[in-house]
file structure_29.cif (mmCIF, C-alpha atoms and all ligand atoms)
data_final
#
loop_
_atom_site.label_atom_id
_atom_site.label_comp_id
_atom_site.auth_asym_id
_atom_site.auth_seq_id
_atom_site.Cartn_x
_atom_site.Cartn_y
_atom_site.Cartn_z
CA MET A 1 0.00 0.00 0.00
CA ILE A 2 1.22 3.52 -0.82
CA LYS A 3 1.64 5.71 2.23
CA THR A 4 0.07 9.17 1.97
CA SER A 5 1.13 12.27 3.84
CA HIS A 6 -0.63 15.25 5.39
CA ASP A 7 2.41 17.18 4.28
CA PRO A 8 3.30 15.94 0.78
CA LYS A 9 6.94 16.68 -0.04
CA ILE A 10 6.61 16.61 -3.83
CA VAL A 11 5.62 19.87 -5.50
CA ILE A 12 4.84 19.21 -9.16
CA ALA A 13 5.79 22.11 -11.47
CA LEU A 14 2.72 22.74 -13.65
CA ASP A 15 4.71 24.17 -16.55
CA TYR A 16 1.79 24.29 -18.99
CA ALA A 17 0.80 27.07 -21.40
CA ASN A 18 -2.91 27.06 -20.62
CA ALA A 19 -5.56 26.00 -18.11
CA HIS A 20 -6.92 23.21 -20.31
CA ASP A 21 -3.62 21.33 -20.49
CA ALA A 22 -2.88 21.95 -16.81
CA LEU A 23 -6.31 20.68 -15.69
CA ASN A 24 -6.11 17.65 -17.99
CA PHE A 25 -2.89 16.66 -16.27
CA VAL A 26 -4.13 17.45 -12.75
CA GLU A 27 -7.17 15.17 -13.26
CA GLN A 28 -4.78 12.23 -12.94
CA LEU A 29 -3.41 13.30 -9.56
CA ASP A 30 -4.39 13.00 -5.92
CA PRO A 31 -3.92 15.99 -3.55
CA THR A 32 -2.82 13.73 -0.69
CA LEU A 33 0.23 12.70 -2.76
CA CYS A 34 1.59 16.03 -4.01
CA ARG A 35 1.34 19.78 -4.18
CA LEU A 36 1.39 21.87 -7.37
CA LYS A 37 3.53 24.81 -8.46
CA VAL A 38 1.95 27.47 -10.67
CA GLY A 39 4.54 29.74 -12.25
CA LYS A 40 4.58 32.89 -14.34
CA GLU A 41 3.63 31.30 -17.69
CA LEU A 42 0.55 29.44 -16.49
CA PHE A 43 -0.56 32.22 -14.14
CA THR A 44 -0.24 34.84 -16.88
CA ALA A 45 -2.22 32.67 -19.30
CA ALA A 46 -4.87 31.26 -16.96
CA GLY A 47 -5.04 33.73 -14.07
CA PRO A 48 -6.28 33.51 -10.50
CA GLN A 49 -9.36 31.49 -11.56
CA LEU A 50 -7.16 28.50 -12.29
CA VAL A 51 -5.39 28.83 -8.94
CA GLU A 52 -8.76 28.95 -7.17
CA ALA A 53 -9.96 25.92 -9.13
CA LEU A 54 -6.88 23.93 -8.09
CA VAL A 55 -7.29 25.02 -4.46
CA ALA A 56 -10.95 23.91 -4.63
CA LYS A 57 -9.78 20.46 -5.76
CA GLY A 58 -7.84 20.21 -2.49
CA PHE A 59 -4.31 20.80 -3.80
CA GLY A 60 -1.73 22.84 -1.92
CA ILE A 61 -0.56 25.47 -4.41
CA PHE A 62 2.88 27.07 -4.53
CA LEU A 63 2.32 30.34 -6.44
CA ASP A 64 5.80 30.90 -7.89
CA LEU A 65 5.54 34.53 -9.06
CA LYS A 66 8.79 35.77 -7.43
CA PHE A 67 7.50 39.25 -6.58
CA HIS A 68 10.16 42.01 -6.68
CA ASP A 69 9.01 45.65 -6.49
CA ILE A 70 8.67 48.52 -4.02
CA PRO A 71 7.48 47.32 -0.59
CA THR A 72 3.89 48.63 -0.83
CA THR A 73 3.33 46.97 -4.20
CA VAL A 74 4.79 43.66 -3.05
CA ALA A 75 2.71 43.77 0.15
CA LYS A 76 -0.49 44.19 -1.86
CA ALA A 77 0.49 41.50 -4.36
CA CYS A 78 1.24 39.07 -1.51
CA GLU A 79 -2.05 39.92 0.19
CA ALA A 80 -3.97 39.27 -3.07
CA ALA A 81 -2.08 36.00 -3.68
CA SER A 82 -2.74 34.83 -0.12
CA ARG A 83 -6.47 35.50 -0.51
CA LEU A 84 -6.52 32.93 -3.34
CA GLY A 85 -5.88 30.30 -0.66
CA VAL A 86 -2.41 29.27 -1.81
CA TRP A 87 -0.16 27.13 0.39
CA MET A 88 3.10 28.91 -0.52
CA LEU A 89 4.26 32.04 -2.37
CA ASN A 90 7.56 33.77 -2.97
CA VAL A 91 9.44 37.04 -3.48
CA HIS A 92 13.02 37.94 -4.49
CA ALA A 93 15.27 38.36 -1.44
CA SER A 94 17.31 40.92 -3.41
CA GLY A 95 14.32 43.28 -2.99
CA GLY A 96 15.74 43.83 0.51
CA SER A 97 14.47 43.48 4.06
CA ALA A 98 11.92 46.33 3.86
CA MET A 99 10.32 44.65 0.86
CA MET A 100 10.34 41.20 2.52
CA GLU A 101 8.87 42.58 5.76
CA ALA A 102 6.16 44.30 3.72
CA ALA A 103 5.48 40.99 1.94
CA LEU A 104 4.99 39.32 5.30
CA GLU A 105 2.61 42.09 6.43
CA GLY A 106 0.62 41.61 3.23
CA VAL A 107 0.37 37.87 3.86
CA GLU A 108 -0.74 38.48 7.44
CA ARG A 109 -3.35 41.05 6.36
CA SER A 110 -5.00 38.39 4.21
CA GLY A 111 -6.04 36.49 7.33
CA ARG A 112 -4.53 33.31 5.82
CA LYS A 113 -1.09 32.07 6.60
CA PRO A 114 0.61 30.68 3.51
CA THR A 115 4.30 29.87 3.74
CA LEU A 116 6.29 32.85 2.45
CA ILE A 117 9.70 32.12 0.98
CA ALA A 118 12.31 34.00 -1.03
CA VAL A 119 14.48 33.34 -4.06
CA THR A 120 18.14 34.14 -3.32
CA VAL A 121 20.26 34.00 -6.50
CA LEU A 122 18.67 32.54 -9.63
CA THR A 123 20.55 29.38 -10.57
CA SER A 124 20.78 30.73 -14.12
CA MET A 125 23.22 33.36 -12.79
CA ASP A 126 26.93 32.52 -12.79
CA GLN A 127 29.83 34.39 -11.22
CA GLN A 128 30.42 36.58 -14.28
CA MET A 129 26.78 37.62 -14.49
CA MET A 130 26.76 38.41 -10.77
CA ASN A 131 29.85 40.60 -11.15
CA ALA A 132 28.25 42.33 -14.14
CA ILE A 133 25.32 43.46 -11.99
CA GLY A 134 27.72 44.78 -9.36
CA VAL A 135 27.83 41.92 -6.84
CA ALA A 136 31.48 41.36 -5.92
CA GLY A 137 31.38 38.22 -3.75
CA SER A 138 30.96 34.60 -4.77
CA VAL A 139 27.58 33.16 -5.74
CA ALA A 140 27.68 30.90 -2.65
CA ASP A 141 28.30 33.87 -0.34
CA GLN A 142 25.51 35.86 -1.95
CA VAL A 143 23.09 32.91 -1.57
CA LEU A 144 23.99 32.61 2.11
CA ASN A 145 23.79 36.38 2.76
CA LEU A 146 20.38 36.64 1.12
CA ALA A 147 19.09 33.53 2.93
CA ILE A 148 20.19 35.03 6.28
CA LEU A 149 18.48 38.32 5.35
CA THR A 150 15.34 36.36 4.45
CA GLN A 151 15.27 34.70 7.85
CA LYS A 152 15.96 38.00 9.67
CA SER A 153 13.06 39.55 7.76
CA GLY A 154 10.74 36.93 9.27
CA LEU A 155 10.10 34.80 6.17
CA ASP A 156 9.74 31.02 6.36
CA GLY A 157 12.41 29.83 3.93
CA VAL A 158 14.12 30.03 0.56
CA VAL A 159 14.28 28.31 -2.80
CA CYS A 160 17.72 26.74 -3.18
CA SER A 161 19.56 23.97 -4.97
CA ALA A 162 20.09 20.72 -3.07
CA GLN A 163 23.84 21.43 -3.23
CA GLU A 164 23.27 24.63 -1.22
CA ALA A 165 20.95 22.94 1.28
CA PRO A 166 23.48 21.49 3.80
CA THR A 167 25.11 24.88 4.47
CA LEU A 168 21.78 26.70 4.64
CA ARG A 169 20.31 24.04 6.93
CA LYS A 170 23.33 24.31 9.25
CA VAL A 171 23.28 28.11 9.45
CA LEU A 172 19.52 28.69 9.43
CA GLY A 173 18.31 25.79 11.57
CA ASP A 174 15.83 22.93 11.35
CA LYS A 175 12.65 24.98 10.98
CA PHE A 176 13.74 27.05 7.98
CA CYS A 177 11.99 25.82 4.85
CA LEU A 178 14.26 24.82 1.94
CA VAL A 179 12.47 24.26 -1.36
CA THR A 180 14.64 22.63 -4.02
CA PRO A 181 14.22 22.12 -7.79
CA GLY A 182 16.76 20.20 -9.89
CA ILE A 183 15.46 16.80 -8.72
CA ARG A 184 15.58 13.71 -10.91
CA PRO A 185 14.63 10.14 -9.94
CA ALA A 186 17.59 7.83 -10.68
CA ASP A 187 16.06 6.54 -13.96
CA ALA A 188 14.77 9.90 -15.30
CA ALA A 189 16.10 12.08 -18.16
CA LEU A 190 18.06 15.20 -17.13
CA ASP A 191 16.20 17.48 -19.62
CA ASP A 192 17.95 20.86 -19.35
CA GLN A 193 18.98 20.46 -15.69
CA SER A 194 22.71 19.94 -15.18
CA ARG A 195 23.35 19.38 -11.46
CA VAL A 196 20.62 17.07 -10.21
CA VAL A 197 20.05 14.86 -7.17
CA THR A 198 17.51 12.12 -6.54
CA PRO A 199 14.49 12.79 -4.28
CA SER A 200 15.96 10.88 -1.33
CA GLN A 201 19.37 12.54 -1.74
CA ALA A 202 17.68 15.97 -1.69
CA LEU A 203 15.90 15.20 1.58
CA ALA A 204 19.13 13.81 3.08
CA LEU A 205 20.90 17.06 2.11
CA GLY A 206 18.31 19.06 4.06
CA SER A 207 15.54 19.93 1.57
CA SER A 208 12.05 20.38 2.99
CA TYR A 209 10.09 20.20 -0.29
CA LEU A 210 11.09 18.96 -3.74
CA VAL A 211 9.98 20.74 -6.92
CA ILE A 212 9.71 18.18 -9.73
CA GLY A 213 8.35 18.93 -13.18
CA ARG A 214 9.03 16.94 -16.33
CA PRO A 215 9.88 13.57 -14.74
CA ILE A 216 6.22 13.52 -13.65
CA THR A 217 4.44 15.75 -16.20
CA GLN A 218 6.04 13.96 -19.19
CA SER A 219 5.69 10.48 -17.68
CA LYS A 220 3.48 7.93 -19.48
CA ASN A 221 1.86 7.27 -16.12
CA PRO A 222 2.24 10.37 -13.92
CA LEU A 223 0.36 8.94 -10.94
CA GLU A 224 2.50 5.81 -10.88
CA THR A 225 5.70 7.90 -11.18
CA LEU A 226 4.51 10.13 -8.32
CA LYS A 227 3.66 7.12 -6.16
CA ASN A 228 7.06 5.57 -6.87
CA ILE A 229 8.83 8.78 -5.80
CA ASN A 230 6.73 8.94 -2.63
CA LYS A 231 7.56 5.28 -1.94
CA GLU A 232 11.26 6.18 -2.20
CA ILE A 233 11.04 9.05 0.27
CA LEU A 234 8.26 8.34 2.79
O1 LIG B 301 10.91 19.92 -15.19
P1 LIG B 301 11.80 20.27 -14.02
O2 LIG B 301 11.77 19.26 -12.90
O3 LIG B 301 13.20 20.60 -14.45
O4 LIG B 301 11.13 21.61 -13.45
C1 LIG B 301 11.68 22.30 -12.38
C2 LIG B 301 10.86 23.52 -12.07
O5 LIG B 301 11.55 24.28 -11.09
C3 LIG B 301 10.60 24.45 -13.24
O6 LIG B 301 9.32 25.08 -13.01
C4 LIG B 301 11.71 25.46 -13.13
O7 LIG B 301 11.37 26.71 -13.66
C5 LIG B 301 11.86 25.55 -11.61
N1 LIG B 301 13.18 25.99 -11.16
C6 LIG B 301 14.35 25.34 -11.47
N2 LIG B 301 15.55 25.82 -11.01
C7 LIG B 301 15.57 26.90 -10.24
C8 LIG B 301 14.42 27.56 -9.90
C9 LIG B 301 13.21 27.08 -10.39
O8 LIG B 301 14.34 24.33 -12.16
N3 LIG B 301 16.73 27.30 -9.77
#
call {"tool": "encode", "arguments": {"input": "structure_29.cif", "output": "structure tokens"}}
result
Amino acid sequence: MIKTSHDPKIVIALDYANAHDALNFVEQLDPTLCRLKVGKELFTAAGPQLVEALVAKGFGIFLDLKFHDIPTTVAKACEAASRLGVWMLNVHASGGSAMMEAALEGVERSGRKPTLIAVTVLTSMDQQMMNAIGVAGSVADQVLNLAILTQKSGLDGVVCSAQEAPTLRKVLGDKFCLVTPGIRPADAALDDQSRVVTPSQALALGSSYLVIGRPITQSKNPLETLKNINKEIL
């Protein structure tokens, strides 16, 4: 028998272009086995109605819109996102502590309490790109600095790679939420990811939740793939 969890660790990236394709896929899933991530493409195409429809089906939704603006604007955006009933949402830590504190106030004003996390350094950025935007230190130092700032600002966690997780876990403690993409089951294709770990390796490295897209969305049998991953980690 497959064990289920009140706190599913797998967050499936719904990287679809429209609501129809996303809902077709979601029909095959069970909200006790996973959560769902809605990002900028799907949200821009399908809007808050889709998010509300997914929430109504019982899924925990990570609204991955990475807000980054002046504090008042981010606060209002976070309040509006929280009112949709999402489980998790995020902002860019590089917006600074005033912006992150405003984001938290916005979340609290909604009367709901979704988990609020921050993006530190996008993994698409390398050292050269960081230097070009005026950041002198190493990528690893900048990730750590921004994660510490995130925690000081009162947020719940950060998005990070599994490789960054052990250091962040050590410095930021057991309760800080680490959400990690770049996960591939041992038998899955890499797609365009380069540094990947398996689901159980990611948890062993300190991840709290695992964002997984194509290994499940492109699977011939998504539910079976999801159940197999849960079997590996529960
Ligand atoms: O299909 P795959 O498992 O690679 O999808 C991973 C998801 O996580 C995608 O939605 C991708 O945009 C997101 N992501 C990532 N790496 C990051 C941040 C987000 O792969 N550093």
call {"tool": "residues_near_point", "arguments": {"input": "structure_29.cif", "point": "(13.8, 36.5, 8.7)", "cutoff": "10 Å", "atoms": "only C-alpha atoms", "output": "list in words"}}
result
Ser97, Met100, Glu101, Leu104, Ile117, Ala147, Ile148, Leu149, Thr150, Gln151, Lys152, Ser153, Gly154, Leu155, Asp156, Gly157, Leu172 and Phe176 of chain A
call {"tool": "write_last_selection", "arguments": {"input": "structure_29.cif", "atoms": "C-alpha atoms", "output": "short mmCIF file (atom, residue, chain, number, x, y, z; two decimals), in the frame of the given file"}}
result
data_model
loop_
_atom_site.label_atom_id
_atom_site.label_comp_id
_atom_site.auth_asym_id
_atom_site.auth_seq_id
_atom_site.Cartn_x
_atom_site.Cartn_y
_atom_site.Cartn_z
CA SER A 97 14.47 43.48 4.06
CA MET A 100 10.34 41.20 2.52
CA GLU A 101 8.87 42.58 5.76
CA LEU A 104 4.99 39.32 5.30
CA ILE A 117 9.70 32.12 0.98
CA ALA A 147 19.09 33.53 2.93
CA ILE A 148 20.19 35.03 6.28
CA LEU A 149 18.48 38.32 5.35
CA THR A 150 15.34 36.36 4.45
CA GLN A 151 15.27 34.70 7.85
CA LYS A 152 15.96 38.00 9.67
CA SER A 153 13.06 39.55 7.76
CA GLY A 154 10.74 36.93 9.27
CA LEU A 155 10.10 34.80 6.17
CA ASP A 156 9.74 31.02 6.36
CA GLY A 157 12.41 29.83 3.93
CA LEU A 172 19.52 28.69 9.43
CA PHE A 176 13.74 27.05 7.98
#
call {"tool": "residues_near_point", "arguments": {"input": "structure_29.cif", "point": "(22.6, 40.5, -2.4)", "cutoff": "10 Å", "atoms": "all atoms listed in the file", "output": "mmCIF file with C-alpha atoms, keeping the file's coordinate frame"}}
result
data_model
loop_
_atom_site.group_PDB
_atom_site.id
_atom_site.type_symbol
_atom_site.label_atom_id
_atom_site.label_comp_id
_atom_site.auth_asym_id
_atom_site.auth_seq_id
_atom_site.Cartn_x
_atom_site.Cartn_y
_atom_site.Cartn_z
ATOM 1 C CA ALA A 93 15.270 38.360 -1.440
ATOM 2 C CA SER A 94 17.310 40.920 -3.410
ATOM 3 C CA GLY A 95 14.320 43.280 -2.990
ATOM 4 C CA GLY A 96 15.740 43.830 0.510
ATOM 5 C CA THR A 120 18.140 34.140 -3.320
ATOM 6 C CA VAL A 121 20.260 34.000 -6.500
ATOM 7 C CA MET A 130 26.760 38.410 -10.770
ATOM 8 C CA GLY A 134 27.720 44.780 -9.360
ATOM 9 C CA VAL A 135 27.830 41.920 -6.840
ATOM 10 C CA ALA A 136 31.480 41.360 -5.920
ATOM 11 C CA GLY A 137 31.380 38.220 -3.750
ATOM 12 C CA VAL A 139 27.580 33.160 -5.740
ATOM 13 C CA ASP A 141 28.300 33.870 -0.340
ATOM 14 C CA GLN A 142 25.510 35.860 -1.950
ATOM 15 C CA VAL A 143 23.090 32.910 -1.570
ATOM 16 C CA LEU A 144 23.990 32.610 2.110
ATOM 17 C CA ASN A 145 23.790 36.380 2.760
ATOM 18 C CA LEU A 146 20.380 36.640 1.120
ATOM 19 C CA ALA A 147 19.090 33.530 2.930
ATOM 20 C CA LEU A 149 18.480 38.320 5.350
#
call {"tool": "residues_near_ligand", "arguments": {"input": "structure_29.cif", "ligand": "ligand LIG 301 (chain B)", "cutoff": "6 Å", "atoms": "all atoms listed in the file", "output": "MDAnalysis selection string"}}
result
chainID A and resid 13 15 122:123 181:182 193 211:214
call {"tool": "write_last_selection", "arguments": {"input": "structure_29.cif", "atoms": "C-alpha atoms", "output": "PDB file, in the coordinates of the input"}}
result
ATOM      1  CA  ALA A  13       5.790  22.110 -11.470  1.00  0.00           C
ATOM      2  CA  ASP A  15       4.710  24.170 -16.550  1.00  0.00           C
ATOM      3  CA  LEU A 122      18.670  32.540  -9.630  1.00  0.00           C
ATOM      4  CA  THR A 123      20.550  29.380 -10.570  1.00  0.00           C
ATOM      5  CA  PRO A 181      14.220  22.120  -7.790  1.00  0.00           C
ATOM      6  CA  GLY A 182      16.760  20.200  -9.890  1.00  0.00           C
ATOM      7  CA  GLN A 193      18.980  20.460 -15.690  1.00  0.00           C
ATOM      8  CA  VAL A 211       9.980  20.740  -6.920  1.00  0.00           C
ATOM      9  CA  ILE A 212       9.710  18.180  -9.730  1.00  0.00           C
ATOM     10  CA  GLY A 213       8.350  18.930 -13.180  1.00  0.00           C
ATOM     11  CA  ARG A 214       9.030  16.940 -16.330  1.00  0.00           C
TER      12      ARG A 214
END
call {"tool": "atom_distance", "arguments": {"input": "structure_29.cif", "atom1": "atom CA of A:Asp187", "atom2": "atom CA of A:Gly60"}}
result
27.0 Å
call {"tool": "residues_around", "arguments": {"input": "structure_29.cif", "residues": "A:Gly85", "least_positions_apart": "2", "cutoff": "9 Å", "atoms": "all atoms listed in the file", "output": "VMD selection string"}}
result
chain A and resid 51 to 52 55 60 to 61 81 to 83 87 112 to 114
call {"tool": "axis_aligned_box", "arguments": {"input": "structure_29.cif", "around": "stretch 217-225 of chain A", "padding_each_side": "8 Å", "output": "AutoDock Vina command-line options"}}
result
--center_x 3.2 --center_y 10.8 --center_z -15.2 --size_x 21.7 --size_y 25.9 --size_z 24.6
call {"tool": "atom_distance", "arguments": {"input": "structure_29.cif", "atom1": "atom CA of A:Thr217", "atom2": "atom CA of A:Asn24"}}
result
10.9 Å
call {"tool": "residues_around", "arguments": {"input": "structure_29.cif", "residues": "stretch 35-47 of chain A", "least_positions_apart": "6", "cutoff": "6 Å", "atoms": "only C-alpha atoms", "output": "PyMOL selection string"}}
result
chain A and resi 11-14+16-19+59-65
call {"tool": "write_last_selection", "arguments": {"input": "structure_29.cif", "atoms": "C-alpha atoms", "output": "compact mmCIF listing (two decimals), keeping the file's coordinate frame"}}
result
# COMPACT_ATOMS: atom_id res chain seq x y z
CA VAL A 11 5.62 19.87 -5.50
CA ILE A 12 4.84 19.21 -9.16
CA ALA A 13 5.79 22.11 -11.47
CA LEU A 14 2.72 22.74 -13.65
CA TYR A 16 1.79 24.29 -18.99
CA ALA A 17 0.80 27.07 -21.40
CA ASN A 18 -2.91 27.06 -20.62
CA ALA A 19 -5.56 26.00 -18.11
CA PHE A 59 -4.31 20.80 -3.80
CA GLY A 60 -1.73 22.84 -1.92
CA ILE A 61 -0.56 25.47 -4.41
CA PHE A 62 2.88 27.07 -4.53
CA LEU A 63 2.32 30.34 -6.44
CA ASP A 64 5.80 30.90 -7.89
CA LEU A 65 5.54 34.53 -9.06
call {"tool": "atom_distance", "arguments": {"input": "structure_29.cif", "atom1": "atom CA of A:Cys160", "atom2": "atom CA of A:Leu203"}}
result
12.6 Å
call {"tool": "closest_residue", "arguments": {"input": "structure_29.cif", "among": "A:Ile216, A:Ala102, A:Val159, A:Leu33", "to": "A:Val119", "atoms": "only C-alpha atoms"}}
result
A:Val159
call {"tool": "closest_residue", "arguments": {"input": "structure_29.cif", "among": "A:Val26, A:Glu224, A:Lys57, A:Val74", "to": "A:Val107", "atoms": "all atoms listed in the file"}}
result
A:Val74
call {"tool": "closest_residue", "arguments": {"input": "structure_29.cif", "among": "A:Pro215, A:Gly58, A:Gly106, A:Pro31", "to": "A:Lys9", "atoms": "only C-alpha atoms"}}
result
A:Pro31
call {"tool": "closest_residue", "arguments": {"input": "structure_29.cif", "among": "A:Glu232, A:Glu79, A:Asp69, A:Asp126", "to": "A:Val91", "atoms": "only C-alpha atoms"}}
result
A:Asp69
call {"tool": "closest_residue", "arguments": {"input": "structure_29.cif", "among": "A:Leu54, A:Ser138, A:Pro185, A:Phe67", "to": "A:His92", "atoms": "all atoms listed in the file"}}
result
A:Phe67
call {"tool": "decode", "arguments": {"input": "structure_29.cif", "residues": "stretch 29-42 of chain A", "atoms": "N, CA, C and O atoms", "output": "PDB file, in the first residue's frame"}}
result
ATOM      1  N   LEU A  29      -4.154  13.262 -10.814  1.00  0.00           N
ATOM      2  CA  LEU A  29      -3.408  13.297  -9.557  1.00  0.00           C
ATOM      3  C   LEU A  29      -4.319  13.234  -8.341  1.00  0.00           C
ATOM      4  O   LEU A  29      -5.535  13.355  -8.448  1.00  0.00           O
ATOM      5  N   ASP A  30      -3.674  13.098  -7.188  1.00  0.00           N
ATOM      6  CA  ASP A  30      -4.394  13.004  -5.922  1.00  0.00           C
ATOM      7  C   ASP A  30      -3.735  14.003  -4.953  1.00  0.00           C
ATOM      8  O   ASP A  30      -2.511  13.944  -4.744  1.00  0.00           O
ATOM      9  N   PRO A  31      -4.527  14.943  -4.388  1.00  0.00           N
ATOM     10  CA  PRO A  31      -3.916  15.994  -3.553  1.00  0.00           C
ATOM     11  C   PRO A  31      -3.286  15.496  -2.256  1.00  0.00           C
ATOM     12  O   PRO A  31      -2.576  16.257  -1.604  1.00  0.00           O
ATOM     13  N   THR A  32      -3.517  14.234  -1.891  1.00  0.00           N
ATOM     14  CA  THR A  32      -2.823  13.733  -0.692  1.00  0.00           C
ATOM     15  C   THR A  32      -1.389  13.307  -1.036  1.00  0.00           C
ATOM     16  O   THR A  32      -0.580  13.052  -0.153  1.00  0.00           O
ATOM     17  N   LEU A  33      -1.079  13.218  -2.351  1.00  0.00           N
ATOM     18  CA  LEU A  33       0.233  12.701  -2.763  1.00  0.00           C
ATOM     19  C   LEU A  33       1.208  13.778  -3.213  1.00  0.00           C
ATOM     20  O   LEU A  33       2.395  13.507  -3.377  1.00  0.00           O
ATOM     21  N   CYS A  34       0.703  14.992  -3.475  1.00  0.00           N
ATOM     22  CA  CYS A  34       1.592  16.031  -4.010  1.00  0.00           C
ATOM     23  C   CYS A  34       0.979  17.410  -3.825  1.00  0.00           C
ATOM     24  O   CYS A  34      -0.210  17.546  -3.524  1.00  0.00           O
ATOM     25  N   ARG A  35       1.817  18.411  -4.024  1.00  0.00           N
ATOM     26  CA  ARG A  35       1.343  19.779  -4.177  1.00  0.00           C
ATOM     27  C   ARG A  35       1.655  20.227  -5.601  1.00  0.00           C
ATOM     28  O   ARG A  35       2.317  19.488  -6.337  1.00  0.00           O
ATOM     29  N   LEU A  36       1.217  21.416  -5.987  1.00  0.00           N
ATOM     30  CA  LEU A  36       1.394  21.873  -7.366  1.00  0.00           C
ATOM     31  C   LEU A  36       2.011  23.263  -7.382  1.00  0.00           C
ATOM     32  O   LEU A  36       1.643  24.116  -6.562  1.00  0.00           O
ATOM     33  N   LYS A  37       2.935  23.473  -8.311  1.00  0.00           N
ATOM     34  CA  LYS A  37       3.531  24.810  -8.456  1.00  0.00           C
ATOM     35  C   LYS A  37       2.990  25.474  -9.719  1.00  0.00           C
ATOM     36  O   LYS A  37       3.083  24.917 -10.807  1.00  0.00           O
ATOM     37  N   VAL A  38       2.417  26.669  -9.539  1.00  0.00           N
ATOM     38  CA  VAL A  38       1.945  27.469 -10.669  1.00  0.00           C
ATOM     39  C   VAL A  38       2.920  28.628 -10.838  1.00  0.00           C
ATOM     40  O   VAL A  38       3.110  29.433  -9.918  1.00  0.00           O
ATOM     41  N   GLY A  39       3.531  28.706 -12.004  1.00  0.00           N
ATOM     42  CA  GLY A  39       4.538  29.743 -12.247  1.00  0.00           C
ATOM     43  C   GLY A  39       4.019  30.844 -13.158  1.00  0.00           C
ATOM     44  O   GLY A  39       2.824  30.933 -13.449  1.00  0.00           O
ATOM     45  N   LYS A  40       4.954  31.666 -13.615  1.00  0.00           N
ATOM     46  CA  LYS A  40       4.576  32.891 -14.345  1.00  0.00           C
ATOM     47  C   LYS A  40       3.849  32.609 -15.657  1.00  0.00           C
ATOM     48  O   LYS A  40       2.924  33.327 -16.021  1.00  0.00           O
ATOM     49  N   GLU A  41       4.273  31.563 -16.387  1.00  0.00           N
ATOM     50  CA  GLU A  41       3.633  31.301 -17.686  1.00  0.00           C
ATOM     51  C   GLU A  41       2.160  30.934 -17.488  1.00  0.00           C
ATOM     52  O   GLU A  41       1.267  31.561 -18.070  1.00  0.00           O
ATOM     53  N   LEU A  42       1.927  29.925 -16.659  1.00  0.00           N
ATOM     54  CA  LEU A  42       0.550  29.441 -16.485  1.00  0.00           C
ATOM     55  C   LEU A  42      -0.321  30.498 -15.819  1.00  0.00           C
ATOM     56  O   LEU A  42      -1.477  30.702 -16.205  1.00  0.00           O
TER      57      LEU A  42
END
